[in-house]
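To be precise, the following lines are entry.cif, and they hold mmCIF, C-alpha atoms.
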data_final
loop_
_atom_site.label_atom_id
_atom_site.label_comp_id
_atom_site.auth_asym_id
_atom_site.auth_seq_id
_atom_site.Cartn_x
_atom_site.Cartn_y
_atom_site.Cartn_z
CA MET A 10 2.98 21.26 -30.10
CA GLN A 11 5.71 18.97 -31.46
CA ASP A 12 7.03 21.90 -33.49
CA ALA A 13 7.56 23.76 -30.22
CA ILE A 14 10.23 21.29 -29.15
CA GLY A 15 12.07 21.49 -32.46
CA LEU A 16 12.03 25.28 -32.54
CA ILE A 17 12.72 25.99 -28.86
CA GLU A 18 15.40 23.41 -28.08
CA PRO A 19 18.18 24.73 -30.35
CA ASN A 20 18.00 28.08 -28.54
CA ILE A 21 18.54 26.75 -25.03
CA PRO A 22 22.37 27.01 -25.02
CA ALA A 23 22.18 30.67 -26.08
CA LEU A 24 19.46 31.42 -23.51
CA ARG A 25 21.62 29.90 -20.78
CA ARG A 26 24.61 31.92 -21.95
CA TYR A 27 22.62 35.16 -21.93
CA ALA A 28 21.10 34.45 -18.52
CA TYR A 29 24.52 33.62 -17.07
CA GLY A 30 26.02 36.75 -18.61
CA LEU A 31 23.32 38.81 -16.93
CA LEU A 32 23.24 37.11 -13.53
CA ARG A 33 26.72 35.53 -13.21
CA ASP A 34 25.22 32.73 -11.14
CA GLU A 35 24.66 29.35 -12.76
CA ALA A 36 21.73 28.24 -10.60
CA ASP A 37 19.98 31.61 -10.87
CA ALA A 38 20.56 31.64 -14.60
CA ASP A 39 19.13 28.17 -15.10
CA ASP A 40 16.13 29.03 -12.91
CA LEU A 41 15.49 31.98 -15.16
CA VAL A 42 15.85 29.88 -18.30
CA GLN A 43 13.49 27.27 -16.86
CA ASP A 44 10.86 29.94 -16.19
CA CYS A 45 11.39 31.24 -19.69
CA LEU A 46 10.93 27.81 -21.28
CA GLU A 47 7.79 27.06 -19.26
CA ARG A 48 6.32 30.36 -20.31
CA ALA A 49 7.27 29.71 -23.92
CA VAL A 50 5.57 26.31 -23.81
CA SER A 51 2.40 27.73 -22.27
CA LYS A 52 2.24 30.72 -24.62
CA TRP A 53 3.35 28.82 -27.71
CA ARG A 54 0.00 29.17 -29.49
CA GLN A 55 -0.24 32.88 -28.68
CA ARG A 56 3.01 33.83 -30.37
CA ARG A 57 3.00 35.26 -33.87
CA ALA A 58 3.32 32.26 -36.17
CA ASP A 59 5.55 34.18 -38.58
CA GLY A 60 7.64 35.61 -35.75
CA ASN A 61 11.24 34.80 -34.97
CA VAL A 62 11.27 32.16 -32.23
CA ARG A 63 14.80 33.09 -31.14
CA THR A 64 14.04 36.76 -30.46
CA TRP A 65 10.66 35.82 -28.94
CA LEU A 66 12.47 33.56 -26.45
CA PHE A 67 15.02 36.27 -25.67
CA SER A 68 12.16 38.73 -25.01
CA ILE A 69 10.56 36.35 -22.52
CA LEU A 70 13.91 35.72 -20.84
CA HIS A 71 14.74 39.41 -20.74
CA ASN A 72 11.43 40.35 -19.13
CA LEU A 73 11.95 37.67 -16.49
CA ALA A 74 15.48 38.96 -15.88
CA VAL A 75 14.18 42.50 -15.39
CA SER A 76 11.75 41.35 -12.68
CA ARG A 77 14.50 39.25 -11.15
CA PHE A 78 16.77 42.31 -10.94
CA ARG A 79 13.95 44.25 -9.33
CA GLN A 80 13.56 41.43 -6.78
CA ILE A 81 17.29 41.40 -6.02
CA ARG A 82 17.28 45.16 -5.51
CA ARG A 83 14.30 44.97 -3.13
CA ARG A 84 15.84 42.22 -1.06
CA GLY A 85 19.28 43.80 -1.16
CA SER A 86 21.71 41.17 -2.32
CA ASN A 87 24.49 40.64 0.20
CA VAL A 88 26.96 39.62 -2.47
CA ALA A 89 27.68 42.25 -5.08
CA LEU A 90 27.59 40.69 -8.51
CA GLU A 91 31.17 41.68 -9.31
CA ASP A 92 32.43 39.97 -6.15
CA ALA A 93 30.54 36.72 -6.74
CA PRO A 94 32.80 33.75 -7.45
CA LEU A 95 33.09 32.73 -11.06
CA SER A 96 31.40 29.62 -12.31
CA ALA A 97 33.57 26.60 -12.90
CA LEU A 98 32.07 26.64 -16.38
CA THR A 99 33.79 29.83 -17.33
CA ALA A 100 37.17 28.86 -15.93
CA ALA A 101 38.95 28.04 -19.15
CA PRO A 102 41.62 25.37 -19.13
CA VAL A 103 44.32 27.84 -20.06
CA GLN A 104 45.21 29.72 -16.89
CA GLU A 105 46.04 33.03 -18.51
CA ASP A 106 42.77 33.07 -20.44
CA ALA A 107 40.87 32.15 -17.31
CA ILE A 108 42.27 35.16 -15.49
CA ARG A 109 41.48 37.52 -18.33
CA HIS A 110 38.00 36.08 -18.77
CA GLY A 111 37.41 36.46 -15.06
CA GLU A 112 38.46 40.10 -15.22
CA LEU A 113 36.21 40.72 -18.15
CA LEU A 114 33.16 39.09 -16.56
CA ARG A 115 33.74 41.04 -13.35
CA ALA A 116 33.95 44.23 -15.38
CA LEU A 117 30.77 43.26 -17.24
CA ALA A 118 29.01 42.79 -13.91
CA ARG A 119 29.84 46.37 -12.99
CA LEU A 120 27.99 47.77 -15.98
CA SER A 121 24.37 48.80 -15.59
CA GLU A 122 21.77 46.11 -16.37
CA ASP A 123 20.72 48.01 -19.49
CA GLN A 124 24.27 48.20 -20.80
CA ARG A 125 24.99 44.58 -19.94
CA SER A 126 21.93 43.23 -21.72
CA VAL A 127 22.52 45.24 -24.88
CA LEU A 128 26.17 44.21 -24.99
CA LEU A 129 25.33 40.54 -24.53
CA LEU A 130 22.51 40.50 -27.07
CA VAL A 131 24.54 42.27 -29.75
CA SER A 132 28.13 41.15 -29.11
CA VAL A 133 27.56 37.60 -27.92
CA GLU A 134 24.14 36.52 -29.17
CA ASP A 135 24.55 38.24 -32.56
CA LEU A 136 21.13 39.88 -32.55
CA SER A 137 20.80 42.73 -35.04
CA TYR A 138 20.33 46.20 -33.54
CA ALA A 139 16.68 46.08 -34.56
CA GLU A 140 16.19 42.65 -32.99
CA ALA A 141 17.87 43.77 -29.78
CA ALA A 142 15.59 46.82 -29.75
CA GLY A 143 12.58 44.49 -30.05
CA VAL A 144 13.77 42.25 -27.22
CA LEU A 145 14.54 45.17 -24.91
CA GLY A 146 11.44 47.11 -25.90
CA VAL A 147 13.33 50.30 -26.75
CA PRO A 148 13.96 52.22 -30.01
CA VAL A 149 16.97 51.25 -32.14
CA GLY A 150 18.54 54.62 -31.34
CA THR A 151 18.52 53.71 -27.65
CA VAL A 152 20.18 50.38 -28.43
CA MET A 153 22.93 52.23 -30.29
CA SER A 154 23.58 54.72 -27.52
CA ARG A 155 23.52 52.03 -24.82
CA LEU A 156 25.88 49.86 -26.86
CA SER A 157 28.22 52.78 -27.34
CA ARG A 158 28.27 53.61 -23.63
CA ALA A 159 28.55 49.94 -22.62
CA ARG A 160 31.61 49.39 -24.80
CA ALA A 161 33.30 52.54 -23.60
CA ALA A 162 32.58 51.67 -19.96
CA LEU A 163 33.85 48.11 -20.34
CA ARG A 164 36.99 49.33 -22.05
CA LYS A 165 37.65 51.79 -19.25
CA LEU A 166 37.21 49.09 -16.62
CA MET A 167 39.48 46.69 -18.48
CA ASP A 168 42.12 49.37 -18.98
CA GLY A 169 42.08 50.06 -15.27
CA GLN A 170 42.40 46.38 -14.43
CA VAL A 171 45.20 45.95 -16.93
CA SER A 172 47.23 48.78 -15.46
CA GLU A 173 46.39 47.61 -11.95
CA ALA A 174 47.53 44.13 -12.90
CA SER A 175 50.84 45.36 -14.29
CA ARG A 176 52.47 43.21 -11.67
CA PRO A 177 50.48 40.07 -12.56
CA ALA A 178 53.14 37.54 -11.48
CA LEU A 179 53.09 38.84 -7.91
CA ARG A 180 49.32 38.68 -7.66
CA ILE A 181 49.09 35.18 -9.02
CA ILE A 182 51.85 33.85 -6.75
CA GLN A 183 50.19 35.40 -3.73
CA MET B 113 37.11 62.67 -47.34
CA THR B 114 34.87 59.84 -46.20
CA ASP B 115 34.94 61.00 -42.55
CA ARG B 116 31.58 62.62 -42.49
CA HIS B 117 29.98 59.46 -43.81
CA ILE B 118 31.27 57.33 -40.95
CA THR B 119 28.71 57.16 -38.19
CA GLU B 120 28.84 55.73 -34.69
CA GLU B 121 26.64 52.90 -36.00
CA ASP B 122 29.19 52.15 -38.71
CA LEU B 123 31.94 51.81 -36.11
CA HIS B 124 29.91 49.45 -33.93
CA SER B 125 28.78 47.46 -36.94
CA PHE B 126 32.45 47.19 -37.85
CA VAL B 127 33.24 45.83 -34.36
CA ASP B 128 30.36 43.38 -34.72
CA CYS B 129 31.58 42.30 -38.18
CA ARG B 130 28.31 43.34 -39.81
CA LEU B 131 29.54 45.57 -42.61
CA ASP B 132 29.78 44.37 -46.18
CA GLY B 133 33.21 44.35 -47.83
CA GLN B 134 33.06 47.79 -49.34
CA ARG B 135 31.71 49.57 -46.30
CA SER B 136 34.19 47.71 -44.15
CA GLU B 137 37.06 49.01 -46.31
CA THR B 138 35.78 52.56 -45.94
CA VAL B 139 35.81 52.23 -42.15
CA ARG B 140 39.28 50.69 -42.23
CA ALA B 141 40.54 53.64 -44.27
CA TYR B 142 38.94 56.05 -41.80
CA LEU B 143 40.55 54.29 -38.84
CA ALA B 144 43.93 54.29 -40.55
CA ALA B 145 43.65 58.04 -40.69
CA HIS B 146 42.55 58.31 -37.05
CA PRO B 147 44.94 56.26 -34.88
CA GLU B 148 43.30 57.23 -31.58
CA LYS B 149 39.88 56.12 -32.75
CA ALA B 150 41.49 53.01 -34.22
CA GLU B 151 42.90 52.08 -30.82
CA THR B 152 39.48 52.38 -29.18
CA ILE B 153 37.81 50.30 -31.87
CA ALA B 154 40.54 47.64 -31.62
CA GLY B 155 39.90 47.51 -27.87
CA TYR B 156 36.17 47.07 -28.49
CA SER B 157 36.87 44.24 -30.90
CA THR B 158 39.17 42.50 -28.41
CA ASP B 159 36.60 42.87 -25.63
CA ARG B 160 33.90 41.49 -27.89
CA GLN B 161 35.90 38.44 -28.83
CA MET B 162 36.96 37.85 -25.24
CA LEU B 163 33.41 38.15 -23.98
CA ARG B 164 32.29 35.55 -26.51
CA ASP B 165 35.11 33.21 -25.51
CA ALA B 166 34.45 33.73 -21.81
CA LEU B 167 30.77 32.82 -22.10
CA GLN B 168 31.05 30.08 -24.72
CA PRO B 169 31.60 27.29 -22.13
CA VAL B 170 28.11 28.03 -20.74
CA ALA B 171 26.55 27.40 -24.14
CA ASP B 172 28.69 24.29 -24.67
CA ALA B 173 27.82 22.74 -21.30
CA PRO B 174 25.33 19.85 -21.25
CA ILE B 175 21.76 21.00 -20.72
CA PRO B 176 20.44 20.04 -17.28
CA PRO B 177 17.28 17.86 -17.10
CA ALA B 178 15.34 20.76 -15.54
CA LEU B 179 15.49 22.50 -18.93
CA ASP B 180 14.03 19.59 -20.89
CA VAL B 181 11.27 21.13 -23.04
CA ARG B 182 9.83 17.73 -23.94
CA ARG B 183 9.31 16.92 -20.29
CA MET B 184 7.75 20.35 -19.66
CA LEU B 185 5.28 19.73 -22.49
CA GLU B 186 4.31 16.35 -21.09
CA ALA B 187 3.89 17.76 -17.58
CA ARG B 188 1.75 20.49 -19.05
CA ARG B 189 -0.40 18.03 -20.95
CA ARG B 190 -0.95 16.08 -17.73
CA ARG B 191 -1.90 19.27 -15.92
CA ASP B 192 -4.30 20.20 -18.73
CA THR B 193 -6.07 16.86 -18.69
CA THR B 194 -6.18 16.30 -14.94
CA PRO B 195 -8.57 19.01 -13.67
CA TRP B 196 -11.79 17.44 -15.01
CA ARG B 197 -11.02 14.13 -13.35
CA LEU B 198 -11.01 15.66 -9.92
CA PRO B 199 -14.49 17.28 -9.88
CA ILE B 200 -16.10 14.12 -11.27
CA ALA B 201 -14.43 11.94 -8.66
CA ALA B 202 -15.41 14.52 -6.06
CA SER B 203 -19.03 14.67 -7.23
CA ILE B 204 -19.34 10.89 -7.13
CA ALA B 205 -17.88 10.85 -3.62
CA LEU B 206 -20.30 13.61 -2.66
CA ALA B 207 -23.27 11.78 -4.16
CA VAL B 208 -22.35 8.55 -2.38
CA GLY B 209 -21.68 10.46 0.80
CA LEU B 210 -25.11 12.03 0.71
CA GLY B 211 -26.75 8.62 0.70
CA GLY B 212 -27.83 7.36 -2.66
CA GLY B 213 -26.94 10.61 -4.30
CA TRP B 214 -30.24 12.28 -3.62
CA LEU B 215 -28.89 15.66 -4.73
CA MET B 216 -27.59 14.21 -7.95
CA ARG B 217 -30.65 12.26 -8.99
CA GLY B 218 -31.60 12.88 -12.55
CA ALA B 219 -28.15 14.35 -13.20
CA ALA B 220 -24.99 12.43 -12.32
CA LEU B 221 -26.71 9.25 -11.16
CA PRO B 222 -29.86 8.59 -13.22
CA PRO B 223 -32.61 6.55 -11.55
CA GLN B 224 -32.13 2.85 -12.08
CA ASN B 225 -35.54 1.52 -11.05
CA GLY B 226 -39.16 2.41 -10.50
CA VAL B 227 -41.32 4.92 -12.34
CA ALA B 228 -38.50 7.47 -12.30
CA ALA B 229 -36.47 5.11 -14.48
CA LEU B 230 -39.54 4.43 -16.61
CA SER B 231 -40.09 8.16 -17.03
CA ARG B 232 -36.52 8.63 -18.22
CA GLU B 233 -36.71 5.71 -20.65
CA ALA B 234 -39.95 7.05 -22.12
CA THR B 235 -38.48 10.52 -22.59
CA ASP B 236 -35.33 9.12 -24.20
CA ASN B 237 -37.30 6.99 -26.63
CA TYR B 238 -39.65 9.87 -27.40
CA ARG B 239 -36.62 12.00 -28.40
CA VAL B 240 -35.40 9.27 -30.72
CA TYR B 241 -38.65 8.25 -32.43
CA ALA B 242 -41.39 10.85 -32.03
CA TYR B 243 -39.87 13.30 -34.47
CA ASP B 244 -38.44 10.80 -36.91
CA ALA B 245 -39.72 12.28 -40.18
CA ASN B 246 -39.69 9.04 -42.17
CA ARG B 247 -40.56 6.25 -39.79
CA PRO B 248 -41.76 7.25 -36.34
CA VAL B 249 -43.71 3.98 -36.04
CA GLU B 250 -42.93 0.41 -37.02
CA ILE B 251 -46.57 -0.59 -37.58
CA ALA B 252 -49.18 2.03 -38.50
CA ALA B 253 -52.55 2.50 -36.81
CA THR B 254 -54.23 0.95 -39.87
CA ASP B 255 -52.79 -2.38 -38.63
CA GLU B 256 -53.67 -1.76 -34.99
CA THR B 257 -54.65 -5.40 -34.35
CA LYS B 258 -51.33 -6.62 -35.72
CA LEU B 259 -49.42 -3.99 -33.76
CA VAL B 260 -51.11 -4.87 -30.48
CA ARG B 261 -50.57 -8.59 -31.01
CA TRP B 262 -46.90 -8.05 -31.81
CA VAL B 263 -46.05 -5.93 -28.77
CA SER B 264 -48.18 -8.11 -26.46
CA ASN B 265 -46.22 -11.16 -27.59
CA ARG B 266 -42.90 -9.48 -27.03
CA LEU B 267 -43.86 -8.09 -23.61
CA GLN B 268 -45.62 -11.37 -22.74
CA ARG B 269 -48.48 -9.31 -21.34
CA PRO B 270 -51.78 -8.21 -22.81
CA VAL B 271 -51.26 -4.65 -24.05
CA VAL B 272 -53.77 -2.27 -25.63
CA ALA B 273 -53.22 1.05 -27.34
CA PRO B 274 -55.05 3.68 -25.25
CA ASN B 275 -57.62 5.74 -27.13
CA LEU B 276 -56.91 9.47 -26.78
CA GLY B 277 -59.56 10.47 -29.31
CA LYS B 278 -61.63 12.39 -26.73
CA ALA B 279 -58.61 14.62 -26.06
CA GLY B 280 -58.17 15.17 -29.79
CA PHE B 281 -55.24 12.80 -30.36
CA ARG B 282 -55.31 10.16 -33.05
CA LEU B 283 -53.22 6.98 -32.89
CA ILE B 284 -50.70 6.89 -35.75
CA GLY B 285 -49.08 3.56 -34.83
CA GLY B 286 -46.48 2.06 -32.58
CA ARG B 287 -43.27 0.12 -32.17
CA LEU B 288 -41.10 -1.79 -29.79
CA VAL B 289 -38.40 0.26 -28.06
CA THR B 290 -35.50 -0.80 -25.87
CA THR B 291 -35.03 -0.08 -22.19
CA PRO B 292 -32.52 -1.39 -19.62
CA HIS B 293 -35.41 -3.49 -18.36
CA GLY B 294 -36.17 -5.14 -21.67
CA PRO B 295 -38.56 -4.29 -24.52
CA ALA B 296 -41.34 -1.75 -24.16
CA ALA B 297 -44.27 -0.83 -26.37
CA MET B 298 -44.56 2.76 -27.55
CA PHE B 299 -47.66 4.17 -29.17
CA LEU B 300 -47.62 7.53 -30.91
CA TYR B 301 -50.52 9.97 -31.28
CA ASP B 302 -50.93 13.12 -33.34
CA GLY B 303 -52.88 16.16 -32.18
CA THR B 304 -54.84 18.47 -34.51
CA GLN B 305 -52.07 21.06 -34.39
CA GLY B 306 -49.27 18.60 -35.09
CA GLN B 307 -48.31 17.97 -31.47
CA ARG B 308 -47.17 14.41 -30.95
CA LEU B 309 -47.75 12.39 -27.80
CA ALA B 310 -46.37 9.00 -26.82
CA VAL B 311 -47.52 6.34 -24.39
CA MET B 312 -44.83 3.87 -23.39
CA ILE B 313 -45.73 0.61 -21.66
CA ARG B 314 -43.51 -2.06 -20.14
CA PRO B 315 -43.70 -4.62 -17.32
CA MET B 316 -42.36 -3.42 -13.97
CA ALA B 317 -39.85 -5.50 -12.01
CA VAL B 318 -41.80 -4.95 -8.81
CA ASP B 319 -45.62 -5.18 -8.87
CA LYS B 320 -46.49 -2.14 -6.80
CA PRO B 321 -49.03 0.49 -7.79
CA THR B 322 -47.60 4.01 -7.65
CA ARG B 323 -48.90 7.50 -7.70
CA MET B 324 -48.49 9.64 -10.77
CA PHE B 325 -44.86 10.72 -11.19
CA GLU B 326 -44.40 14.03 -12.94
CA HIS B 327 -41.21 15.00 -14.68
CA GLY B 328 -40.25 17.73 -17.09
CA ASP B 329 -37.03 18.43 -18.92
CA ASP B 330 -35.96 20.55 -21.86
CA GLY B 331 -39.43 21.22 -23.33
CA LEU B 332 -40.74 17.71 -22.74
CA GLY B 333 -43.07 16.66 -19.98
CA ASP B 334 -44.09 13.21 -18.85
CA VAL B 335 -46.36 11.59 -16.34
CA SER B 336 -45.59 8.02 -15.29
CA TRP B 337 -47.28 5.47 -13.09
CA ALA B 338 -47.43 1.74 -12.39
CA ASP B 339 -50.57 -0.40 -12.13
CA LYS B 340 -51.02 -4.18 -11.91
CA GLY B 341 -47.39 -4.90 -12.65
CA MET B 342 -47.21 -2.67 -15.72
CA GLY B 343 -45.55 0.72 -16.03
CA TYR B 344 -46.98 3.53 -18.14
CA SER B 345 -45.59 6.82 -19.25
CA LEU B 346 -47.26 9.62 -21.17
CA VAL B 347 -44.79 11.95 -22.91
CA GLY B 348 -45.37 15.10 -24.90
CA PRO B 349 -44.18 18.61 -25.69
CA ALA B 350 -46.03 20.13 -22.72
CA SER B 351 -45.55 20.45 -19.00
CA ALA B 352 -46.22 17.41 -16.83
CA GLN B 353 -49.01 19.38 -15.11
CA GLU B 354 -50.74 19.94 -18.46
CA LEU B 355 -50.38 16.25 -19.32
CA HIS B 356 -51.57 15.03 -15.93
CA PRO B 357 -55.40 15.08 -16.60
CA LEU B 358 -54.84 13.17 -19.84
CA ALA B 359 -52.70 10.63 -17.97
CA ASP B 360 -55.54 10.18 -15.45
CA GLU B 361 -57.91 9.52 -18.35
CA VAL B 362 -55.51 6.97 -19.88
CA ARG B 363 -55.16 5.15 -16.54
CA ARG B 364 -58.93 4.98 -16.07
CA GLU B 365 -59.42 3.65 -19.60
CA LEU B 366 -56.67 1.01 -19.26
CA ARG B 367 -58.03 -0.25 -15.93
CA GLN B 368 -61.32 -0.94 -17.66
CA ALA B 369 -59.74 -2.52 -20.70
CA ILE B 370 -57.40 -4.97 -18.97
#
Go through the file and emit its structure as structure tokens.
Amino acid sequence: MQDAIGLIEPNIPALRRYAYGLLRDEADADDLVQDCLERAVSKWRQRRADGNVRTWLFSILHNLAVSRFRQIRRRGSNVALEDAPLSALTAAPVQEDAIRHGELLRALARLSEDQRSVLLLVSVEDLSYAEAAGVLGVPVGTVMSRLSRARAALRKLMDGQVSEASRPALRIIQ
Amino acid sequence: MTDRHITEEDLHSFVDCRLDGQRSETVRAYLAAHPEKAETIAGYSTDRQMLRDALQPVADAPIPPALDVRRMLEARRRRDTTPWRLPIAASIALAVGLGGGWLMRGAALPPQNGVAALSREATDNYRVYAYDANRPVEIAATDETKLVRWVSNRLQRPVVAPNLGKAGFRLIGGRLVTTPHGPAAMFLYDGTQGQRLAVMIRPMAVDKPTRMFEHGDDGLGDVSWADKGMGYSLVGPASAQELHPLADEVRRELRQAI
């Protein structure tokens, strides 16, 4: 089991990043990653020995995220994801960047879960389209169409925010 | 033109920087010829880079102790090894609680004294020596006098090898065996069909005659008793009930001999 530590550990930062990108809540994200790691440890011997540990971990995390989303929907979250405050982690030191990053993450939160996960896996985690398809359990064609729609939707949201924020100085001073 | 060769996948692969040099050039040329498309793709590329930058601090942050895989593995190992401790502790508590562990006798808490202990010792020694192909006995029946003298000296009691000839069993020899109560003599007998019987004899701690004690386990039966300070056990590959008449015969014979 010693190999488990060596192969799982290097992936933890990326798993945290993906979970945060999906949930936009640090504590929730880390809970999800913790569940994922415990599952990985307990199922370590059942995984395909020649398989890719990174995509295997993302699959576990993704499946946990899907049930978490289902839970949130059942309970009816009182804070819409896009209105949730941003983590201190993502507040970059440069003010202007911080504002733009905040806008982008809020826009990301408004995408559907399917679009968000495909965008994060491909654009941020650098999974190939085939790997993303494996993690999400959908055909590669579906990954492509979701990616295409996700990028267009995000662009539209960002365009809207940019034009809306054409008086940025006023908003910041307020 | 190259237009018709440019697919949606090409454009996204271009945004994700996954095209090789030549293919990348082809897409660039296509975009140069389609300014509107080029603007969209540039927007996608900006969004991608910004998304990476926005989330990078999460990946760079120190990993909280709750996500320590090493610790999870250790906790798991503890969980995996703990469950068997509990039932054993519980069964001992139960046995003690039920007064001397009556329910567990012969299982968790083997008998320590009396003919029950003798019976168990005889069965254990039978399993070790009776089917030893090369040397089941230390001294063969041809040296019966020597054998009897030897074991009598060690047990510090007069011991004889019972004669089971009437039942069709011939003495092949004997040996000293160990028990928690000191040395014991064990005599082995062969039947006409290859069955092997054993009679084990040792002094008892308490001089108290007992009734015949029958016990059977895993294909072996034994009948044990105590008489005049000595304990006897007859063991063989039969049920204790089948062995019982022979045990009665042995007891009668030994009472006359000693």
(message) Since I can't run it myself right now, could you work out what the PyMOL selection byres ((chain B and resi 127) around 7) selects here and report it as a list in words?
(response)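 Here the PyMOL selection byres ((chain B and resi 127) around 7) matches Leu123, His124, Ser125, Phe126, Asp128, Cys129, Ile153, Tyr156 and Ser157 of chain B.
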Restrict the selected residues to C-alpha atoms and save them as an mmCIF file, in the frame of the given file.
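Now in part-v1.cif:
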data_model
loop_
_atom_site.group_PDB
_atom_site.id
_atom_site.type_symbol
_atom_site.label_atom_id
_atom_site.label_comp_id
_atom_site.auth_asym_id
_atom_site.auth_seq_id
_atom_site.Cartn_x
_atom_site.Cartn_y
_atom_site.Cartn_z
ATOM 1 C CA LEU B 123 31.940 51.810 -36.110
ATOM 2 C CA HIS B 124 29.910 49.450 -33.930
ATOM 3 C CA SER B 125 28.780 47.460 -36.940
ATOM 4 C CA PHE B 126 32.450 47.190 -37.850
ATOM 5 C CA ASP B 128 30.360 43.380 -34.720
ATOM 6 C CA CYS B 129 31.580 42.300 -38.180
ATOM 7 C CA ILE B 153 37.810 50.300 -31.870
ATOM 8 C CA TYR B 156 36.170 47.070 -28.490
ATOM 9 C CA SER B 157 36.870 44.240 -30.900
#
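The list of residues with at least one atom within 9 Å of Ala142 in chain A, based on all atoms listed in the file and without residues fewer than 5 positions apart in the same chain, reads Val127, Ser137, Val147, Pro148, Val149, Gly150, Thr151 and Val152 of chain A.
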Could the residues in this selection be saved with C-alpha atoms as an mmCIF file, in the coordinates of the input?
data_model
loop_
_atom_site.group_PDB
_atom_site.id
_atom_site.type_symbol
_atom_site.label_atom_id
_atom_site.label_comp_id
_atom_site.auth_asym_id
_atom_site.auth_seq_id
_atom_site.Cartn_x
_atom_site.Cartn_y
_atom_site.Cartn_z
ATOM 1 C CA VAL A 127 22.520 45.240 -24.880
ATOM 2 C CA SER A 137 20.800 42.730 -35.040
ATOM 3 C CA VAL A 147 13.330 50.300 -26.750
ATOM 4 C CA PRO A 148 13.960 52.220 -30.010
ATOM 5 C CA VAL A 149 16.970 51.250 -32.140
ATOM 6 C CA GLY A 150 18.540 54.620 -31.340
ATOM 7 C CA THR A 151 18.520 53.710 -27.650
ATOM 8 C CA VAL A 152 20.180 50.380 -28.430
#
Give the residues of chain A that lie within 9 Å of chain B; count all atoms listed in the file, and format the answer as a compact mmCIF listing (two decimals) with C-alpha atoms, in the coordinates of the input.
# COMPACT_ATOMS: atom_id res chain seq x y z
CA MET A 10 2.98 21.26 -30.10
CA GLN A 11 5.71 18.97 -31.46
CA ALA A 13 7.56 23.76 -30.22
CA ILE A 14 10.23 21.29 -29.15
CA ILE A 17 12.72 25.99 -28.86
CA GLU A 18 15.40 23.41 -28.08
CA ILE A 21 18.54 26.75 -25.03
CA PRO A 22 22.37 27.01 -25.02
CA ALA A 23 22.18 30.67 -26.08
CA LEU A 24 19.46 31.42 -23.51
CA ARG A 25 21.62 29.90 -20.78
CA ARG A 26 24.61 31.92 -21.95
CA TYR A 27 22.62 35.16 -21.93
CA TYR A 29 24.52 33.62 -17.07
CA GLY A 30 26.02 36.75 -18.61
CA GLU A 35 24.66 29.35 -12.76
CA ASP A 39 19.13 28.17 -15.10
CA ASP A 40 16.13 29.03 -12.91
CA VAL A 42 15.85 29.88 -18.30
CA GLN A 43 13.49 27.27 -16.86
CA LEU A 46 10.93 27.81 -21.28
CA GLU A 47 7.79 27.06 -19.26
CA VAL A 50 5.57 26.31 -23.81
CA SER A 51 2.40 27.73 -22.27
CA LEU A 98 32.07 26.64 -16.38
CA THR A 99 33.79 29.83 -17.33
CA ALA A 100 37.17 28.86 -15.93
CA ALA A 101 38.95 28.04 -19.15
CA ASP A 106 42.77 33.07 -20.44
CA ALA A 107 40.87 32.15 -17.31
CA ARG A 109 41.48 37.52 -18.33
CA HIS A 110 38.00 36.08 -18.77
CA GLY A 111 37.41 36.46 -15.06
CA LEU A 113 36.21 40.72 -18.15
CA LEU A 114 33.16 39.09 -16.56
CA LEU A 117 30.77 43.26 -17.24
CA LEU A 128 26.17 44.21 -24.99
CA LEU A 129 25.33 40.54 -24.53
CA VAL A 131 24.54 42.27 -29.75
CA SER A 132 28.13 41.15 -29.11
CA VAL A 133 27.56 37.60 -27.92
CA GLU A 134 24.14 36.52 -29.17
CA ASP A 135 24.55 38.24 -32.56
CA SER A 137 20.80 42.73 -35.04
CA MET A 153 22.93 52.23 -30.29
CA SER A 154 23.58 54.72 -27.52
CA LEU A 156 25.88 49.86 -26.86
CA SER A 157 28.22 52.78 -27.34
CA ARG A 160 31.61 49.39 -24.80
CA ALA A 161 33.30 52.54 -23.60
CA LEU A 163 33.85 48.11 -20.34
CA ARG A 164 36.99 49.33 -22.05
CA MET A 167 39.48 46.69 -18.48
(request) To verify the selection step, state as a PyMOL selection string which residues the PyMOL selection byres ((chain A and resi 120) around 10) yields on this input. (result) chain A and resi 91+115-119+121-126+128+158-160+162-163+166
Expansion of the PyMOL selection byres ((chain A and resi 67) around 10) into residues, as a short mmCIF file (atom, residue, chain, number, x, y, z; two decimals) with C-alpha atoms, keeping the file's coordinate frame:
data_model
loop_
_atom_site.label_atom_id
_atom_site.label_comp_id
_atom_site.auth_asym_id
_atom_site.auth_seq_id
_atom_site.Cartn_x
_atom_site.Cartn_y
_atom_site.Cartn_z
CA ASN A 20 18.00 28.08 -28.54
CA ALA A 23 22.18 30.67 -26.08
CA LEU A 24 19.46 31.42 -23.51
CA TYR A 27 22.62 35.16 -21.93
CA ALA A 28 21.10 34.45 -18.52
CA VAL A 42 15.85 29.88 -18.30
CA CYS A 45 11.39 31.24 -19.69
CA VAL A 62 11.27 32.16 -32.23
CA ARG A 63 14.80 33.09 -31.14
CA THR A 64 14.04 36.76 -30.46
CA TRP A 65 10.66 35.82 -28.94
CA LEU A 66 12.47 33.56 -26.45
CA SER A 68 12.16 38.73 -25.01
CA ILE A 69 10.56 36.35 -22.52
CA LEU A 70 13.91 35.72 -20.84
CA HIS A 71 14.74 39.41 -20.74
CA ASN A 72 11.43 40.35 -19.13
CA LEU A 73 11.95 37.67 -16.49
CA LEU A 130 22.51 40.50 -27.07
CA GLU A 134 24.14 36.52 -29.17
CA LEU A 136 21.13 39.88 -32.55
CA GLU A 140 16.19 42.65 -32.99
CA ALA A 141 17.87 43.77 -29.78
CA GLY A 143 12.58 44.49 -30.05
CA VAL A 144 13.77 42.25 -27.22
CA LEU A 145 14.54 45.17 -24.91
#
